[in-house]
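Chemist: Here it is, the structure, as structure tokens.
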Amino acid sequence: MFSLLPELILRTAEARPDTAALRFKGATQSYADLATATQRFAAGLLRLGLGRGERVAVYLPKQFETVTAFFAVNLAGGVFVPVNPLLKPEQVGHILRDCDVAVLVTSAERVAELATVMRECSALRHVVLVGAPCTTIAAPQSLHAWRDLLTEGPARLHRVIDDDVAAILYTSGSTGKPKGVVLSHRNMMTGAKSVAEYLGNVPEDRLLAVLPFSFDYGFSQLSTAFLTGASVVLLDHLFARDVVTLAAKERVTGLAGVPPLWIQLAEQAWPAEARDSLRYFTNSGGAMPRATLDRLRAALPKTKPFLMYGLTEAFRSTYLPPEEVDRRPDSMGKAIPNAEILVVRPDGSLCDPDEPGELVHRGALVSLGYWNDPQKTAERFKPVPGQDPGLVLTEIAVWSGDTVRKDAEGFLYFIGRRDEMIKTSGYRVSPTEIEEVLYATGLVRDAVAVGVKHATLGQAVVVVASPLEGLAGDSEALLLQCRQRLPTFMVPLHVEWRESLPRNPNGKFDRPRLAGELESLFGGAGK
């Protein structure tokens with residue numbers, strides 16, 4: 001069985017060389033072609049002197065070369081660092097410096113924007129440019145054309161095993177600089193096998209990749225597809241209708257998204273081609289509003305919904321089988337195959353049914369911690385609760401910081417993130433619970449609830465929302481329905497309307513940014 005990420009491509013290329021691995025703007029790259037490009041670029045990296053375990057950053061939009069670079073880096077014995085193409089030079093510079101990137105793969109246009117920060121990256125030796133060459137950039141690094149590294153030739157690959165690091169994925173984070181989550185080949189392969197098992201992926205599947213590959217949920221579209229010999233359609237979309245149009249044109253069978261994207265997609269008219277071909281859709285990165293789920297299921301009656309929960313530190317944790325959606329649409333399901341999910345009290349003891357506690361994930365998907373950050377690693381990666389004292393070595397689990405509950409049948413329900421919970425009038429309030437009510441009113445398109453400092457309440461509940469298309473925001477009507485559906489302490493004190501809500505690079509609503517912008521709403525400490 002496969003144990004290293006590049007084997008996903010190489011083994012499938014041997015068995016089904018002419019099968020489409022990737023589709024991009026109407027062009028096709030077969031598994032044989034992808035395998036050849038991966039092997040040649042790996043050899044090119046080794047000719048540049050890439051050492052075992054050295055980091056290679058890939059700062060490109062979705063295209064054939066982006067995917068080739070990821071797997072070629074691993075084949076050469078290196079570690080790939082996918083950089084979200086939406087990040088600005090200062091953010092990219094932080095990542096390059098933080099994990100001492102040795103090689104950067106990007107384009108001439110992007111490297112021109114990075115000229116200043118590249119001078120501050122002492123470990124960066126080489127820059128590989130995809131597309132048009134660049135001769136005007138004055139930088140201390142050696143510049144190479146992508147095509148020049150694809151020449152044939154023998155290469156002595158570094159020996160790698162599944163415990164070795166495969167990738168470092170930088171999370172956007174709620175405070176401070178992004179953290180690099182270190183993932184081994186075992187982490188990523190276990191995740192691919194687990195997800196492909198419960199989604200039932202087959203070679204005939206065609207997955208539409210709309211999420212960034214720097215997001216573990218986005219990258220898993222590649223790993224699960226390649227594991228089963230399926231195809232991936234690449235898309236960097238501007239509008240929700242682009243997703244629907246391409247899903248219909250390419251007869252997509254699987255589509256993964258986050259709640260803000262699903263909210264937009266639920267408003268689209270889905271062509272018959274998409275309704276007939278789409279076998280499943282998946283949601284992670286936050287709870288999907290019930291109203292959005294209902295609209296999607298009505299628009300896509302033949303499509304199975306998979307509601308999931310995951311965190312980059314452990315790839316994926318739970319999923320709700322489609323046959324359970326009608327019975328418990330608000331549940332995040334049970335543990336995915338080959339993972340165990342515990343709900344624990346602060347002292348590490350297990351919670352009783354329906355008692356809120358912290359979600360703790362144990363198993364082969366638990367990552368190797370945060371790169372070069374022992375303090376944050378120690379805060380999140382801690383011993384498994386209840387480990388048998390006879391075991392001398394300590395097993396480490398991810399303590400998520402998320403509050404959940406488990407019912408008597410073992411199904412989990414999300415309550416809120418520890419760092420997002422609103423503390424108002426002596427109560428701990430989940431913003432997700434408020435947002436669910438806001439969407440159910442049918443008066444908002446997007447909505448985020450945050451806590452803002454208040455002199456008497458501690459924090460006031462504030463909602464930032466965008467109105468339905470063509471309508472103006474009606475605060476009085478929205479608050480009236482909130483009063484009818486929520487206890488008094490959960491009713492928003494203020495509603496702010498905006499045409500659109502900011503998102504982080506992974507497509508999720510940017511809660512920290514909104515909370516910061518509203519910090520002085522009640523005079524800072526209130527009045």
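Labels used: A, B, ... for chains in the order of the structure tokens, numbers from 1 for residues in each chain, and numbers from 1 for ligands as shown.
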What lies within 10 Å of A:Ser220 using only C-alpha atoms, ignoring chain neighbours under 6 positions off, as number ranges by chain?

Modeler: A: 188-189, 191-192, 195-196, 209, 211, 213, 226, 256, 315-316

Chemist: Print the selection's residues with C-alpha atoms to a file, as a short mmCIF file (atom, residue, chain, number, x, y, z; two decimals), in the first residue's frame.

Modeler:
data_model
loop_
_atom_site.label_atom_id
_atom_site.label_comp_id
_atom_site.auth_asym_id
_atom_site.auth_seq_id
_atom_site.Cartn_x
_atom_site.Cartn_y
_atom_site.Cartn_z
CA MET A 188 -1.38 13.13 4.97
CA MET A 189 -1.64 9.59 3.64
CA GLY A 191 -6.03 11.44 6.01
CA ALA A 192 -6.37 10.69 2.30
CA VAL A 195 -11.57 10.55 3.69
CA ALA A 196 -11.62 8.53 0.46
CA ALA A 209 -10.72 22.04 -6.44
CA LEU A 211 -10.23 25.90 -2.07
CA PHE A 213 -4.01 24.20 -1.60
CA PHE A 226 -4.84 10.65 -6.56
CA ALA A 256 -15.75 20.75 -1.21
CA PHE A 315 -6.33 17.23 9.18
CA ARG A 316 -9.89 15.92 9.69
#

Chemist: DSSP on the backbone: which residues in stretch 224-310 of chain A end up as strand (DSSP E)? Give the answer as a list in words.

Modeler: Ser231, Val232, Val233, Leu234, Gly254, Leu255, Ala256, Gly257, Tyr280, Phe281, Thr282, Asn283, Lys304, Pro305, Phe306, Leu307, Met308 and Tyr309 of chain A

Chemist: Measuring between only C-alpha atoms, which one of A:Asn338, A:Ser107, A:Thr424, A:Thr190 shows the shortest distance to A:Ser3?

Modeler: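 Ranked by minimum distance to A:Ser3, first place goes to A:Thr190.
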
Chemist: For stretch 290-294 of chain A, list every protein, DNA or RNA residue within 10 Å, evaluated using only C-alpha atoms, and leave out those in the same chain fewer than 3 positions away; present the list as a ChimeraX atom specification.

Modeler: /A:259-260,262-267,283,287,297-300,305,307,325,329-330,436-442,445

Chemist: To one decimal place, how far is atom CA of A:Ala37 from atom CA of A:His126 in Å?

Modeler: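 Atom CA of A:His126 lies at a distance of 19.3 Å from atom CA of A:Ala37.
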
Chemist: Which residue out of A:Val429, A:Leu311, A:Met332, A:Leu393 has the minimum interatomic distance to A:Arg380 when only C-alpha atoms are used?

Modeler: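 Distance minimum relative to A:Arg380 lands on A:Leu311.
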
Chemist: Determine, counting only C-alpha atoms, which protein, DNA and RNA residues have an atom within 12 Å of an atom of A:Arg11; residues of the same chain fewer than 2 positions away are not included. Present the result as a VMD selection string.

Modeler: chain A and resid 1 to 9 13 to 17 31 to 32 34 to 35 226 to 229

Chemist: Once you have the residues from the selection above, write them out as a PDB file, in the first residue's frame, restricted to N, CA and C atoms.

Modeler:
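Contents of out03.pdb, as written:
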ATOM      1  N   MET A   1       0.855  -1.201   0.000  1.00  0.00           N
ATOM      2  CA  MET A   1       0.000   0.000   0.000  1.00  0.00           C
ATOM      3  C   MET A   1       0.882   1.239   0.000  1.00  0.00           C
ATOM      4  N   PHE A   2       0.359   2.326  -0.557  1.00  0.00           N
ATOM      5  CA  PHE A   2       1.121   3.574  -0.622  1.00  0.00           C
ATOM      6  C   PHE A   2       1.482   4.058   0.777  1.00  0.00           C
ATOM      7  N   SER A   3       2.684   4.617   0.931  1.00  0.00           N
ATOM      8  CA  SER A   3       3.075   5.182   2.227  1.00  0.00           C
ATOM      9  C   SER A   3       3.596   6.610   2.106  1.00  0.00           C
ATOM     10  N   LEU A   4       4.031   7.021   0.904  1.00  0.00           N
ATOM     11  CA  LEU A   4       4.554   8.366   0.682  1.00  0.00           C
ATOM     12  C   LEU A   4       3.706   9.084  -0.360  1.00  0.00           C
ATOM     13  N   LEU A   5       3.555  10.390  -0.204  1.00  0.00           N
ATOM     14  CA  LEU A   5       2.668  11.144  -1.089  1.00  0.00           C
ATOM     15  C   LEU A   5       2.976  10.979  -2.578  1.00  0.00           C
ATOM     16  N   PRO A   6       4.231  11.068  -3.028  1.00  0.00           N
ATOM     17  CA  PRO A   6       4.468  10.952  -4.473  1.00  0.00           C
ATOM     18  C   PRO A   6       4.034   9.621  -5.065  1.00  0.00           C
ATOM     19  N   GLU A   7       3.967   8.581  -4.234  1.00  0.00           N
ATOM     20  CA  GLU A   7       3.547   7.277  -4.731  1.00  0.00           C
ATOM     21  C   GLU A   7       2.116   7.309  -5.255  1.00  0.00           C
ATOM     22  N   LEU A   8       1.315   8.249  -4.772  1.00  0.00           N
ATOM     23  CA  LEU A   8      -0.060   8.353  -5.251  1.00  0.00           C
ATOM     24  C   LEU A   8      -0.087   8.570  -6.760  1.00  0.00           C
ATOM     25  N   ILE A   9       0.819   9.402  -7.236  1.00  0.00           N
ATOM     26  CA  ILE A   9       0.892   9.692  -8.665  1.00  0.00           C
ATOM     27  C   ILE A   9       1.632   8.594  -9.417  1.00  0.00           C
ATOM     28  N   ALA A  13       0.083   6.141 -12.252  1.00  0.00           N
ATOM     29  CA  ALA A  13       0.612   6.294 -13.609  1.00  0.00           C
ATOM     30  C   ALA A  13       1.017   4.948 -14.200  1.00  0.00           C
ATOM     31  N   GLU A  14       1.493   4.038 -13.361  1.00  0.00           N
ATOM     32  CA  GLU A  14       1.848   2.705 -13.842  1.00  0.00           C
ATOM     33  C   GLU A  14       0.600   1.910 -14.219  1.00  0.00           C
ATOM     34  N   ALA A  15      -0.438   2.034 -13.401  1.00  0.00           N
ATOM     35  CA  ALA A  15      -1.641   1.225 -13.611  1.00  0.00           C
ATOM     36  C   ALA A  15      -2.567   1.818 -14.665  1.00  0.00           C
ATOM     37  N   ARG A  16      -2.687   3.154 -14.693  1.00  0.00           N
ATOM     38  CA  ARG A  16      -3.650   3.801 -15.599  1.00  0.00           C
ATOM     39  C   ARG A  16      -3.010   5.060 -16.179  1.00  0.00           C
ATOM     40  N   PRO A  17      -1.996   4.899 -17.018  1.00  0.00           N
ATOM     41  CA  PRO A  17      -1.207   6.054 -17.471  1.00  0.00           C
ATOM     42  C   PRO A  17      -1.989   7.110 -18.231  1.00  0.00           C
ATOM     43  N   TYR A  31      -2.065  11.015 -15.853  1.00  0.00           N
ATOM     44  CA  TYR A  31      -1.214  10.565 -14.757  1.00  0.00           C
ATOM     45  C   TYR A  31       0.210  10.301 -15.253  1.00  0.00           C
ATOM     46  N   ALA A  32       0.345   9.795 -16.473  1.00  0.00           N
ATOM     47  CA  ALA A  32       1.682   9.535 -17.021  1.00  0.00           C
ATOM     48  C   ALA A  32       2.448  10.839 -17.185  1.00  0.00           C
ATOM     49  N   LEU A  34       1.858  13.704 -15.611  1.00  0.00           N
ATOM     50  CA  LEU A  34       2.112  14.288 -14.292  1.00  0.00           C
ATOM     51  C   LEU A  34       3.267  13.565 -13.600  1.00  0.00           C
ATOM     52  N   ALA A  35       3.319  12.246 -13.734  1.00  0.00           N
ATOM     53  CA  ALA A  35       4.413  11.478 -13.128  1.00  0.00           C
ATOM     54  C   ALA A  35       5.748  11.870 -13.741  1.00  0.00           C
ATOM     55  N   PHE A 226      -5.970  11.421  -6.037  1.00  0.00           N
ATOM     56  CA  PHE A 226      -4.837  10.651  -6.557  1.00  0.00           C
ATOM     57  C   PHE A 226      -4.761   9.261  -5.930  1.00  0.00           C
ATOM     58  N   LEU A 227      -5.202   9.138  -4.682  1.00  0.00           N
ATOM     59  CA  LEU A 227      -5.215   7.831  -4.025  1.00  0.00           C
ATOM     60  C   LEU A 227      -6.092   6.844  -4.786  1.00  0.00           C
ATOM     61  N   THR A 228      -7.207   7.330  -5.317  1.00  0.00           N
ATOM     62  CA  THR A 228      -8.179   6.450  -5.960  1.00  0.00           C
ATOM     63  C   THR A 228      -8.105   6.506  -7.482  1.00  0.00           C
ATOM     64  N   GLY A 229      -7.167   7.301  -8.034  1.00  0.00           N
ATOM     65  CA  GLY A 229      -7.055   7.397  -9.477  1.00  0.00           C
ATOM     66  C   GLY A 229      -8.118   8.269 -10.109  1.00  0.00           C
TER      67      GLY A 229
END
